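Structure, as structure tokens:
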Amino acid sequence: MDLEITYRIINLIVLPAWVLLIFAPHWQGTEKIVHAVFIPLLLALIYIYFIGWAMFFGGGATGGGMSTLPQVMALFDSPVSTLAGWTHYLVFDLFVGAWIVRDGIRRNISGLWRGPCLFFTLMFGPIGLAMYLLLRLFKGNGTRLQEA
């Protein structure tokens, strides 16, 4: 298996979803494609494959673990573990981005305001989420994260 090609394929899975979230959040296709279980489930299965390979079938780096910073650093010395970690980031960032769009639509927050938050969520995860949460606060949309 060529891990570089796999890396590119994993990125290509999420890129159309991000384009839809940013540029066509109200389109019915976005609802069916991005706000459904299929992309997160596919990415979760890819993650399970790579994390299983890393943990149980010799694909992980020697000394890797999650108990200390050096162990976590060692995890990313393996291409297989790095692909697992990258997939982890992609699935959770996309999930957060989809939530930002749904929440913003419910709260009548313009796509012009959501767009930069989505871009930063795609590129820097927690920074984009923080931007959106601060935007909600400044626009008087409350502090509760419940979906109603």
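Here, A, B, ... name the chains of the structure tokens in the order displayed, residue numbers run from 1 inside each chain, and ligands are numbered from 1 in the same displayed order.
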
Checklist line | Members of chain A assigned alpha helix (DSSP H) by DSSP, as a VMD selection string | finding: chain A and resid 3 to 23 28 to 33 38 to 56 69 to 75 79 to 106 111 to 124 126 to 138

Margin query: Would you pick out the contacts of A:Thr30 at 8 Å or less, using only C-alpha atoms, so that residues sharing its chain but fewer than 4 positions from it are not included, and give the list as number ranges by chain?
Written below: A: 17, 20-21, 24-26, 34-35

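Coordinates place atom CA of A:Thr87 at a distance of 5.8 Å from atom CA of A:Tyr47.
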
Item checked: Within 9 Å of A:Phe119 using only C-alpha atoms, minus same-chain residues under 5 positions, as a PyMOL selection string -> chain A and resi 18+22+97+114+124+128

Mind checking which residues fall within 10 Å of A:Met131, counting only C-alpha atoms, ignoring those fewer than 3 positions away in the same chain, and posting them as a compact mmCIF listing (two decimals) with N, CA and C atoms, in the first residue's frame?
# COMPACT_ATOMS: atom_id res chain seq x y z
N TRP A 113 -19.96 35.45 8.07
CA TRP A 113 -19.32 35.34 9.39
C TRP A 113 -18.83 33.92 9.64
N ARG A 114 -19.62 32.93 9.20
CA ARG A 114 -19.24 31.54 9.43
C ARG A 114 -18.05 31.12 8.58
N PRO A 116 -15.05 32.40 7.59
CA PRO A 116 -13.70 32.41 8.19
C PRO A 116 -13.55 31.40 9.33
N CYS A 117 -14.61 31.22 10.10
CA CYS A 117 -14.56 30.24 11.19
C CYS A 117 -14.37 28.84 10.63
N LEU A 118 -15.06 28.54 9.52
CA LEU A 118 -14.92 27.23 8.89
C LEU A 118 -13.53 27.04 8.32
N PHE A 120 -10.74 28.38 9.34
CA PHE A 120 -9.80 28.15 10.43
C PHE A 120 -10.05 26.81 11.13
N THR A 121 -11.30 26.33 11.12
CA THR A 121 -11.57 25.00 11.66
C THR A 121 -10.92 23.95 10.79
N PRO A 126 -9.20 23.84 16.62
CA PRO A 126 -9.70 24.58 17.78
C PRO A 126 -9.73 26.10 17.61
N ILE A 127 -8.86 26.64 16.75
CA ILE A 127 -8.89 28.10 16.53
C ILE A 127 -10.19 28.48 15.84
N GLY A 128 -10.59 27.73 14.83
CA GLY A 128 -11.86 28.01 14.14
C GLY A 128 -13.05 27.84 15.05
N LEU A 134 -16.74 32.59 19.99
CA LEU A 134 -16.65 34.02 20.32
C LEU A 134 -17.63 34.84 19.48
N LEU A 135 -17.76 34.49 18.21
CA LEU A 135 -18.73 35.16 17.34
C LEU A 135 -20.13 35.01 17.92
N ARG A 136 -20.48 33.81 18.33
CA ARG A 136 -21.79 33.59 18.96
C ARG A 136 -21.97 34.48 20.17
N LEU A 137 -20.95 34.56 21.01
CA LEU A 137 -21.04 35.39 22.21
C LEU A 137 -21.25 36.86 21.85

Next item on the list: Would you please work out which residue, of A:Phe138, A:Ile109, A:Leu15, A:Ser67, is nearest to A:Met123 when using only C-alpha atoms?
Entry: A:Leu15

Item checked: Atomic distance atom CA of A:Gly58 - atom CA of A:Pro40, expressed in Å with one decimal -> 25.9 Å

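Among the candidates A:Leu129, A:Leu41, A:Met55, A:Leu83, the one nearest to A:Val101 when counting only C-alpha atoms is A:Leu129.
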
Item checked: Point-to-point distance from atom CA of A:Phe76 to atom CA of A:Gly63, Å rounded to tenths -> 10.6 Å

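Of the listed residues A:Lys32, A:Arg8, A:His88, A:Arg102, the one whose atoms come nearest to A:Gly125 is A:His88, with distances taken using only C-alpha atoms.
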
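Distance annotation: of A:Ile9, A:Ile51, A:Met66, A:Ala130, the residue with the minimal separation from A:Ser78 is A:Ile51; atom set is only C-alpha atoms.
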
Check: A:Ile48: which residues within 8 Å, counting only C-alpha atoms, same-chain residues fewer than 4 positions away excluded, as number ranges by chain?
Finding: A: 44, 52, 84

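Between A:Leu12 and the residues A:Pro70, A:Leu43, A:Ser110, A:Trp99, the shortest atom-to-atom distance, using only C-alpha atoms, involves A:Leu43.
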